[in-house]
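Right, one structure below, let's go through it.
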Amino acid sequence: MSQKVKDASIPTIPAKARFSRWFGRNLLRIYMIFGFTYLFIPVAYTFAFSFNDSGKSNLIWKGFTLSNWQNPCGAPEVCNALGNSIKIGLLATTFSTILGTMIAFAIGRYQFRGRSSSNLLIFLPMATPEIVLGASLLSLFLVFKINPGFWPTVIAHVMFCISFVVVTVKARIASLDPRLEQAAMDLYANELETFRRVTLPLVAPGIAGAALLAFSLSFDDFIITNFNSGTLITFPKFVYVSAARGIPAQANVIGSSMFFLALAIVIAGQLVKRKKTR
Amino acid sequence: MSFPKVRVPYLLLLPGFAFLFTFFILPIINLAQTSTQTPIAGGDTGQYEQTLAFGNYIQAFVDNKEQFARSFVYATLATIFALVIAYPLAYAIAFKSGKFKNILLVLVVAPFFTSFLLRTIAWKQILGEEGFVVPALRSLHIISQQTTLTSTSVAVVAGMTYNFLPFMTLPLYASLERIDPRTIEAAGDLYANGITAFRRVTVPLSLPGVVAGTLLTFIPAAGDYVNAAILGSPNTKMIGNVIESRYFKIVDYPTAAALSFTLMAAILILVTLYIRKAGTEELV
Amino acid sequence: MSSDAISARGDLRLTRITKSYGDFKAVDDLTLTIPKGSFFALLGPSGCGKTTTLRMVAGLEEPTVGSIHLGDTDITTTRPYQRPINTVFQNYALFPHLTIFENIAFGLRRRGIKDVKEQVDKVLNLVELPHLAERKPTQLSGGQQQRIALARAIVNRPALLLLDEPLGALDLKLRRQMQIELKWIQREVGLTFVHVTHDQEEAMTMADTIAVMNEGKIEQMGSPADLYDNPETAFVANFLGQSNLIKGKIDGNDGDNLVVDLYGQKVSMPKKRSHAVDNSLYAGIRPEKFRISRLGTPVKGNILTGGHIEDVSYIGVSTQYVVAMPWGQEVMVFEQNDDGVAPFDKGDEVNISWEPTFTFGLRGDEDIEAGTEVNPEELEEQ
């Protein structure tokens with residue numbers, strides 16, 4: 001007579017232990033929620049107060065209104081400042097991306113004497129406090145009797161953006177398989193064609209990322225801009241200066257829009273990337 | 001098309017480096033040169049002559065040693081807090097987020113698309129009398145009726161910590177992400193429990209990220225003055241505020257220049273010591 | 001002059017090619033002719049210079065000394081895109097940002113060829129992957145990528161097709177299948193293939209002619225059968241299959257044969273299969289050529305007595321014996337199990353015998369360990 005095999009028992013964990021296990025496993029996830037909440041508090045605040053029916057001074061909640069969003073240029077200095085920031089940003093991005101990409105290719109692709117010194121030179125502006133960068137550039141302009149203003153600001157922005165562009169593009173170049181360019185030449189593409197049809201398309205995402213980074217660094221810059229812009233008002237400068245008497249809600253509108261726009265661009269970029277590998 | 005291959009890198013470097021030389025190196029040299037000037041006796045404000053007055057440095061340092069000290073203390077505190085807050089966050093994104101990894105990374109950086117000034121001012125208003133934090137803390141009797149949070153060193157350090165958080169989080173994430181999870185499994189296989197494995201495997205392997213993150217946070221923090229200006233008071237002045245005022249309020253270029261150089265030198269010394277201790281070479 | 005290179009056709013001639021990196025010679029005074037239309041293999045262990053040689057033919061490296069001719073045209077200093085030579089790279093090097101169609105069309109477009117679609121479709125059918133034309137390389141499996149890399153090269157009808165260990169990343173079964181397919185495609189399309197590999201079985205399966213390379217030089221070149229049956233150096237004898245090399249002395253002649261003294265026992269071998277320069281030599285016999293017999297059993301041909309069996313390994317198809325000879329050497333014997341299970345056991349006293357014509361003779365001063373190091377890459381394959 002065969003004895004039935006004893007039923008395998010499903011292990012049970014007492015309820016109290018079950019909770020503490022769940023807690024331990026999810027502790028980090030809970031922390032993440034708190035962390036992200038902390039990160040977004042001021043953003044949420046800014047966004048909320050963009051709907052404040054505040055008039056000139058946006059310090060206390062007065063009432064909900066869409067008028068700020070419908071008329072973002074209602075407070076005249078806001079759009080003027082925004083316009084300046086955008087103009088400077090586009091110019092600075094263009095020049096720093098071009099110069100920086102060229103440097104990235106030189107350092108990333110070629111062995112030459114002075115390569116490590118070049119790396120050092122690129123690293124230095126990133127390691128220098130903004131106040132020193134801004135102040136020293138201002139001193140130089142003063143020596144040459146150039147007044148701070150639009151073009152000095154553009155120059156200053158290009159200067160500090162180049163290093164970030166180089167680092168970003170260089171990383172992308174490093175991940176490029178040299179055999180792809182060899183394959184192109186094996187398949188009858190000369191050096192220029194290889195660059196145009198293989199190297200550049202593959203490095204392009206890095207260059208695009210660098211350009212985006214440069215623009216956001218330039219747009220958001222305050223310290224260096226403060227030293228070199230003289231009477232020209234950029235958006236961050238406008239916010240700083242009007243902090244005392246009250247920032248118009250339109251500035252919140254602009255700030256929130258920048259947030260959503262940038263978020264949209266980055267998410268779109270991610271979706272495109274995901275679609276490409278699908 | 002056959003120009004010698006040797007010349008190409010130099011041609012590529014030329015425009016960018018010429019630009020950097022003119023607008024980075026030269027200004028710094030000029031700043032050095034300004035720092036040893038003295039005002040022309042009987043001249044207008046803003047007129048100086050070169051007198052190799054190295055005493056400017058001593059003078060500047062002695063007059064402002066309080067602000068120097070404060071800058072480094074605040075920067076160190078902000079860096080430490082940022083590290084403590086960012087490390088678990090970066091860890092969670094790297095190991096515990098599955099397919100949401102990329103979205104979460106974007107969300108870490110996203111708040112910083114809003115202007116940094118708007119964010120800092122938002123904190124000022126949130127922590128101010130009209131915000132919700134202070135009244136809430138008061139009604140819970142955690143702080144007294146007289147204490148305010150704005151215009152305090154607490155607010156300044158909190159603001160700095162917040163503003164430099166992504167500079168700490170991203171390098172930490174990059175370093176943690178590179179760790180092969182199988183090394184941690186191997187530690188478990190070799191009798192290390194969760195905490196030991198973390199201490200002896202994960203932390204050492206994430207050190208390059210820690211070094212990069214702390215540097216990227218400390219260096220700008222030491223020279224920052226915006227947080228101190230918005231969230232602080234005259235009692236929380238940092239060296240950045242002093243330099244700014246020596247340019248725009250009390251015109252005293254040599255002192256400002258001397259202070260800038262002292263700041264740079266101090267940062268460089270600290271960073272070199274730190275890197276040597278941490279032992280990483282390639283940062284860029 | 002260089003634009004003529006692209007229409008060059010004919011045999012590939014490497015003349016006294018040396019490639020030096022400082023003091024190190026990756027390729028050392030190499031002279032080689034690869035006949036048009038053949039399937040040629042460059043075989044050797046890693047570091048022997050075979051890949052460097054291939055890259056010089058492709059134009060991706062320049063020789064330090066020497067010249068390369070395709071037919072009558074000197075292509076030594078021409079750029080890769082000026083040569084009618086295409087490469088199938090080791091990790092395929094497919095362009096990740098282009099579709100499969102565009103990858104294959106790349107070379108055609110650079111050369112300004114008009115009927116691109118027709119040509120690409122034709123070659124996609126040849127490799128049996130017409131449905132993948134619009135996909136991207138990252139969406140394909142390793143085997144599919146390999147075939148597309150091949151298609152991309154073949155569609156250009158090059159004078160020479162170079163293959164740099166193209167089957168290395170594939171698993172065993174797929175590799176065997178691809179070996180047969182590559183050989184078929186080469187016959188079908190009629191191109192000259194130059195295949196670089198460290199896998200001697202692969203080379204012997206696929207190639208008409210093999211050049212065995214070692215330390216930058218060619219050890220021996222010939223058909224797979226030539227190299228296997230009549231190796232000229234210990235390296236070739238050991239690298240291709242396994243060999244038993246027994247030290248001996250030439251004792252005299254016997255018509256077309258030599259009489260060789262192996263530790264006191266006399267055997268005979270054909271004179272023309274000896275590469276000895278004086279009267280010392282190593283007699284080489286492949287393990288499968290040996291026959292084991294019990295003492296007293298009559299045998300034909302050469303015989304060595306006094307062996308006893310050290311080890312028996314039954315491998316289904318065959319049995320491998322290790323036989324210890326009286327002079328201290330252990331000899332390998334492979335016996336087919338064609339009449340049932342192996343008849344010999346460990347410890348048995350036996351004779352080994354073989355047909356004299358299967359003997360090959362190497363110089364007496366050869367390093368008999370040459371070519372026996374286990375290649376770490378080969379370990380991975382198993």
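Chain labels follow the order of the structure tokens: the first chain is A, the next B, and so on; residue numbering restarts at 1 in every chain, and ligands are counted from 1 in their shown order.
Near segment 27-29 of chain C, within 6 Å and counting only C-alpha atoms, sit Arg16, Ile17, Thr18, Lys19, Gly49, Gly216 and Lys217 of chain C; same-chain residues fewer than 4 positions away were not included.
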Find the residues around Ala78 of chain B up to 12 Å (only C-alpha atoms counted), leave out those fewer than 3 positions away in its own chain, and share them as a PyMOL selection string. chain B and resi 70-75+81-86+153-165+167-168+214-222+224+227
Saved selection, atoms kept: N, CA and C atoms, as a short mmCIF file (atom, residue, chain, number, x, y, z; two decimals), in the first residue's frame:
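Once written, out29.cif looks like this:
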data_model
loop_
_atom_site.label_atom_id
_atom_site.label_comp_id
_atom_site.auth_asym_id
_atom_site.auth_seq_id
_atom_site.Cartn_x
_atom_site.Cartn_y
_atom_site.Cartn_z
N ARG B 70 32.47 81.21 6.16
CA ARG B 70 31.05 80.89 6.03
C ARG B 70 30.76 80.21 4.69
N SER B 71 31.38 80.75 3.61
CA SER B 71 31.16 80.15 2.29
C SER B 71 31.53 78.68 2.29
N PHE B 72 32.70 78.38 2.88
CA PHE B 72 33.14 77.00 2.82
C PHE B 72 32.31 76.11 3.73
N VAL B 73 31.90 76.66 4.85
CA VAL B 73 31.04 75.87 5.74
C VAL B 73 29.70 75.58 5.06
N TYR B 74 29.08 76.63 4.51
CA TYR B 74 27.79 76.43 3.84
C TYR B 74 27.94 75.44 2.68
N ALA B 75 28.99 75.64 1.88
CA ALA B 75 29.17 74.78 0.72
C ALA B 75 29.36 73.33 1.15
N PHE B 81 24.54 67.43 2.61
CA PHE B 81 23.09 67.19 2.56
C PHE B 81 22.67 66.68 1.19
N ALA B 82 23.24 67.30 0.16
CA ALA B 82 22.88 66.87 -1.19
C ALA B 82 23.26 65.42 -1.39
N LEU B 83 24.43 65.03 -0.89
CA LEU B 83 24.87 63.64 -1.03
C LEU B 83 23.91 62.70 -0.32
N VAL B 84 23.55 63.08 0.91
CA VAL B 84 22.66 62.23 1.70
C VAL B 84 21.30 62.09 1.03
N ILE B 85 20.79 63.18 0.48
CA ILE B 85 19.47 63.11 -0.16
C ILE B 85 19.57 62.41 -1.51
N ALA B 86 20.62 62.71 -2.27
CA ALA B 86 20.67 62.23 -3.65
C ALA B 86 21.05 60.76 -3.75
N SER B 153 20.54 81.22 8.07
CA SER B 153 21.54 80.38 7.40
C SER B 153 20.93 79.04 7.03
N VAL B 154 19.95 78.62 7.80
CA VAL B 154 19.27 77.36 7.50
C VAL B 154 18.66 77.43 6.11
N ALA B 155 17.98 78.56 5.85
CA ALA B 155 17.33 78.70 4.55
C ALA B 155 18.37 78.73 3.43
N VAL B 156 19.48 79.42 3.68
CA VAL B 156 20.50 79.52 2.63
C VAL B 156 21.05 78.13 2.30
N VAL B 157 21.41 77.38 3.34
CA VAL B 157 21.95 76.05 3.08
C VAL B 157 20.90 75.16 2.42
N ALA B 158 19.64 75.30 2.89
CA ALA B 158 18.57 74.49 2.30
C ALA B 158 18.42 74.83 0.82
N GLY B 159 18.46 76.12 0.52
CA GLY B 159 18.33 76.54 -0.87
C GLY B 159 19.47 76.01 -1.72
N MET B 160 20.69 76.11 -1.18
CA MET B 160 21.83 75.61 -1.95
C MET B 160 21.72 74.11 -2.17
N THR B 161 21.36 73.40 -1.12
CA THR B 161 21.20 71.95 -1.26
C THR B 161 20.22 71.64 -2.38
N TYR B 162 19.07 72.30 -2.33
CA TYR B 162 18.06 72.04 -3.34
C TYR B 162 18.55 72.34 -4.75
N ASN B 163 19.18 73.52 -4.90
CA ASN B 163 19.56 73.94 -6.25
C ASN B 163 20.65 73.09 -6.86
N PHE B 164 21.50 72.49 -6.03
CA PHE B 164 22.59 71.71 -6.59
C PHE B 164 22.31 70.22 -6.61
N LEU B 165 21.11 69.85 -6.24
CA LEU B 165 20.77 68.43 -6.18
C LEU B 165 21.00 67.66 -7.49
N PHE B 167 23.14 68.20 -9.78
CA PHE B 167 24.57 68.04 -10.02
C PHE B 167 25.13 66.88 -9.22
N MET B 168 24.46 66.57 -8.13
CA MET B 168 24.90 65.45 -7.31
C MET B 168 24.26 64.16 -7.79
N THR B 214 30.28 65.35 -5.69
CA THR B 214 30.64 66.32 -4.65
C THR B 214 31.43 67.48 -5.24
N LEU B 215 32.28 67.19 -6.21
CA LEU B 215 33.01 68.29 -6.84
C LEU B 215 32.09 69.22 -7.59
N LEU B 216 31.18 68.62 -8.39
CA LEU B 216 30.27 69.43 -9.18
C LEU B 216 29.32 70.23 -8.31
N THR B 217 29.14 69.81 -7.05
CA THR B 217 28.28 70.56 -6.14
C THR B 217 29.09 71.59 -5.37
N PHE B 218 30.22 71.17 -4.80
CA PHE B 218 30.96 72.06 -3.92
C PHE B 218 31.50 73.27 -4.64
N ILE B 219 32.08 73.06 -5.81
CA ILE B 219 32.76 74.17 -6.49
C ILE B 219 31.82 75.33 -6.79
N PRO B 220 30.70 75.09 -7.46
CA PRO B 220 29.81 76.25 -7.65
C PRO B 220 29.19 76.74 -6.35
N ALA B 221 28.98 75.85 -5.39
CA ALA B 221 28.34 76.29 -4.15
C ALA B 221 29.22 77.27 -3.39
N ALA B 222 30.52 77.01 -3.41
CA ALA B 222 31.41 77.89 -2.65
C ALA B 222 31.37 79.32 -3.18
N ASP B 224 28.76 80.66 -4.79
CA ASP B 224 27.40 81.13 -5.01
C ASP B 224 27.08 82.33 -4.14
N ASN B 227 21.69 82.37 -3.56
CA ASN B 227 20.92 81.79 -2.46
C ASN B 227 21.04 82.65 -1.21
#
Segment 293-295 of chain C surroundings by only C-alpha atoms, 12 Å radius, close-in-sequence under 4 positions cut, as a short mmCIF file (atom, residue, chain, number, x, y, z; two decimals) with C-alpha atoms, in the first residue's frame:
data_model
loop_
_atom_site.label_atom_id
_atom_site.label_comp_id
_atom_site.auth_asym_id
_atom_site.auth_seq_id
_atom_site.Cartn_x
_atom_site.Cartn_y
_atom_site.Cartn_z
CA VAL C 299 50.83 -6.83 -39.58
CA LYS C 300 51.78 -5.04 -42.77
CA ILE C 303 55.81 -1.69 -36.77
CA LEU C 304 56.91 -0.44 -33.38
CA THR C 305 56.83 -2.88 -30.51
CA GLY C 306 56.95 -2.62 -26.78
CA GLY C 307 54.05 -0.30 -26.23
CA HIS C 308 51.52 -0.64 -23.47
CA ILE C 309 48.19 1.12 -23.22
CA VAL C 323 50.17 4.16 -25.78
CA VAL C 333 46.14 6.46 -31.52
CA GLU C 335 40.85 3.73 -33.81
CA ALA C 342 37.17 -1.24 -28.53
CA PRO C 343 39.07 -4.47 -28.01
CA PHE C 344 41.94 -3.11 -25.95
CA ASP C 345 42.19 -2.23 -22.29
CA GLY C 347 47.62 -2.06 -19.41
CA ASP C 348 47.55 -4.24 -22.52
CA GLU C 349 50.90 -4.90 -24.19
CA VAL C 350 50.58 -3.92 -27.86
CA ASN C 351 52.34 -3.16 -31.11
CA ILE C 352 51.53 -0.17 -33.27
CA SER C 353 51.80 -0.32 -37.03
CA TRP C 354 51.10 1.89 -40.04
#
From the list B:Tyr91, B:Tyr247, B:Phe61, B:Tyr10, the nearest residue to Ser206 of chain B using only C-alpha atoms is B:Tyr91
Residues of chain C within 7 Å of chain A: nearest atom pair and distance (Å, one decimal) for each, counting only C-alpha atoms, sorted by chain and number, as JSON lines?
{"residue": "C:Pro80", "atom": "CA", "partner": "A:Asp186", "partner_atom": "CA", "distance": 5.2}
{"residue": "C:Tyr81", "atom": "CA", "partner": "A:Tyr188", "partner_atom": "CA", "distance": 3.7}
{"residue": "C:Gln82", "atom": "CA", "partner": "A:Tyr188", "partner_atom": "CA", "distance": 6.5}
{"residue": "C:Asn86", "atom": "CA", "partner": "A:Asp186", "partner_atom": "CA", "distance": 5.6}
{"residue": "C:Thr87", "atom": "CA", "partner": "A:Asp186", "partner_atom": "CA", "distance": 6.6}
{"residue": "C:Ala93", "atom": "CA", "partner": "A:Leu180", "partner_atom": "CA", "distance": 5.2}
{"residue": "C:Leu94", "atom": "CA", "partner": "A:Leu180", "partner_atom": "CA", "distance": 7.0}
{"residue": "C:Phe95", "atom": "CA", "partner": "A:Leu180", "partner_atom": "CA", "distance": 6.5}
{"residue": "C:His97", "atom": "CA", "partner": "A:Leu202", "partner_atom": "CA", "distance": 6.9}
{"residue": "C:Phe106", "atom": "CA", "partner": "A:Leu187", "partner_atom": "CA", "distance": 6.9}
{"residue": "C:Gly107", "atom": "CA", "partner": "A:Leu187", "partner_atom": "CA", "distance": 4.5}
{"residue": "C:Arg110", "atom": "CA", "partner": "A:Tyr188", "partner_atom": "CA", "distance": 5.9}
{"residue": "C:Arg111", "atom": "CA", "partner": "A:Tyr188", "partner_atom": "CA", "distance": 6.7}
{"residue": "C:Thr138", "atom": "CA", "partner": "A:Thr277", "partner_atom": "CA", "distance": 6.9}
Would you put the residues from that selection into a file with C-alpha atoms, as a CSV table (one decimal), in the first residue's frame?
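selection36.csv, written as the output of this step:
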chain,number,residue,atom,x,y,z
C,80,PRO,CA,40.2,51.5,-49.2
C,81,TYR,CA,37.5,53.2,-51.2
C,82,GLN,CA,39.7,53.2,-54.3
C,86,ASN,CA,35.2,44.6,-49.8
C,87,THR,CA,35.4,43.2,-46.2
C,93,ALA,CA,29.9,46.7,-38.6
C,94,LEU,CA,26.4,47.2,-40.0
C,95,PHE,CA,25.4,50.9,-40.0
C,97,HIS,CA,21.3,54.3,-38.4
C,106,PHE,CA,25.7,51.9,-49.4
C,107,GLY,CA,28.6,50.8,-51.7
C,110,ARG,CA,28.8,55.6,-53.4
C,111,ARG,CA,29.9,54.2,-56.8
C,138,THR,CA,19.7,46.1,-34.0
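Nearest residue to chain B among A:Phe64, A:Tyr45, A:Phe34, A:Phe150 is A:Tyr45, counting only C-alpha atoms.
Rounded to one decimal, atom CA of Leu191 of chain C and atom CA of Ala159 of chain C lie 6.7 Å from each other.
If you take only C-alpha atoms and a cut-off of 6 Å, the residues of chain B that reach chain A are B:Pro9, B:Leu12, B:Leu13, B:Gly16, B:Pro27, B:Ile28, B:Leu31, B:Leu89, B:Ala92, B:Phe113, B:Thr114, B:Ser115, B:Arg119, B:Ala122, B:Pro220, B:Gly223, B:Ser260.
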Give me a file of those residues, with C-alpha atoms, as a JSON list (two decimals), in the first residue's frame.
[["chain", "number", "residue", "atom", "x", "y", "z"],
["B", 9, "PRO", "CA", 43.26, 68.19, -35.08],
["B", 12, "LEU", "CA", 39.72, 71.86, -35.46],
["B", 13, "LEU", "CA", 40.97, 73.10, -32.13],
["B", 16, "GLY", "CA", 37.48, 77.13, -30.04],
["B", 27, "PRO", "CA", 40.50, 87.55, -18.39],
["B", 28, "ILE", "CA", 41.95, 85.46, -15.59],
["B", 31, "LEU", "CA", 42.18, 89.60, -13.07],
["B", 89, "LEU", "CA", 17.40, 58.63, -4.89],
["B", 92, "ALA", "CA", 16.48, 53.82, -6.33],
["B", 113, "PHE", "CA", 13.93, 73.68, -16.41],
["B", 114, "THR", "CA", 12.10, 76.31, -14.43],
["B", 115, "SER", "CA", 14.33, 79.29, -13.91],
["B", 119, "ARG", "CA", 12.59, 78.27, -7.79],
["B", 122, "ALA", "CA", 9.43, 80.19, -4.57],
["B", 220, "PRO", "CA", 29.81, 76.25, -7.65],
["B", 223, "GLY", "CA", 31.17, 80.79, -5.07],
["B", 260, "SER", "CA", 38.23, 86.06, -6.54]]
TODO: Can you list, as a PyMOL selection string, all residues belonging to segment 27-243 of chain B that DSSP tags as strand (DSSP E or B)?
DONE: chain B and resi 37-39+48-50
Resulting file, chosen residues, N, CA and C atoms, as an mmCIF file, in the first residue's frame:
data_model
loop_
_atom_site.group_PDB
_atom_site.id
_atom_site.type_symbol
_atom_site.label_atom_id
_atom_site.label_comp_id
_atom_site.auth_asym_id
_atom_site.auth_seq_id
_atom_site.Cartn_x
_atom_site.Cartn_y
_atom_site.Cartn_z
ATOM 1 N N GLN B 37 46.662 95.999 -8.023
ATOM 2 C CA GLN B 37 46.661 97.440 -8.284
ATOM 3 C C GLN B 37 46.185 98.195 -7.053
ATOM 4 N N THR B 38 46.424 99.502 -7.062
ATOM 5 C CA THR B 38 45.884 100.350 -5.995
ATOM 6 C C THR B 38 45.227 101.567 -6.643
ATOM 7 N N PRO B 39 44.270 102.154 -5.962
ATOM 8 C CA PRO B 39 43.601 103.329 -6.525
ATOM 9 C C PRO B 39 44.603 104.465 -6.730
ATOM 10 N N TYR B 48 42.843 102.892 -11.470
ATOM 11 C CA TYR B 48 43.874 102.248 -10.652
ATOM 12 C C TYR B 48 45.194 102.271 -11.369
ATOM 13 N N GLU B 49 46.223 102.050 -10.598
ATOM 14 C CA GLU B 49 47.526 101.889 -11.215
ATOM 15 C C GLU B 49 48.171 100.619 -10.659
ATOM 16 N N GLN B 50 49.027 100.056 -11.489
ATOM 17 C CA GLN B 50 49.671 98.801 -11.112
ATOM 18 C C GLN B 50 50.793 99.098 -10.133
#
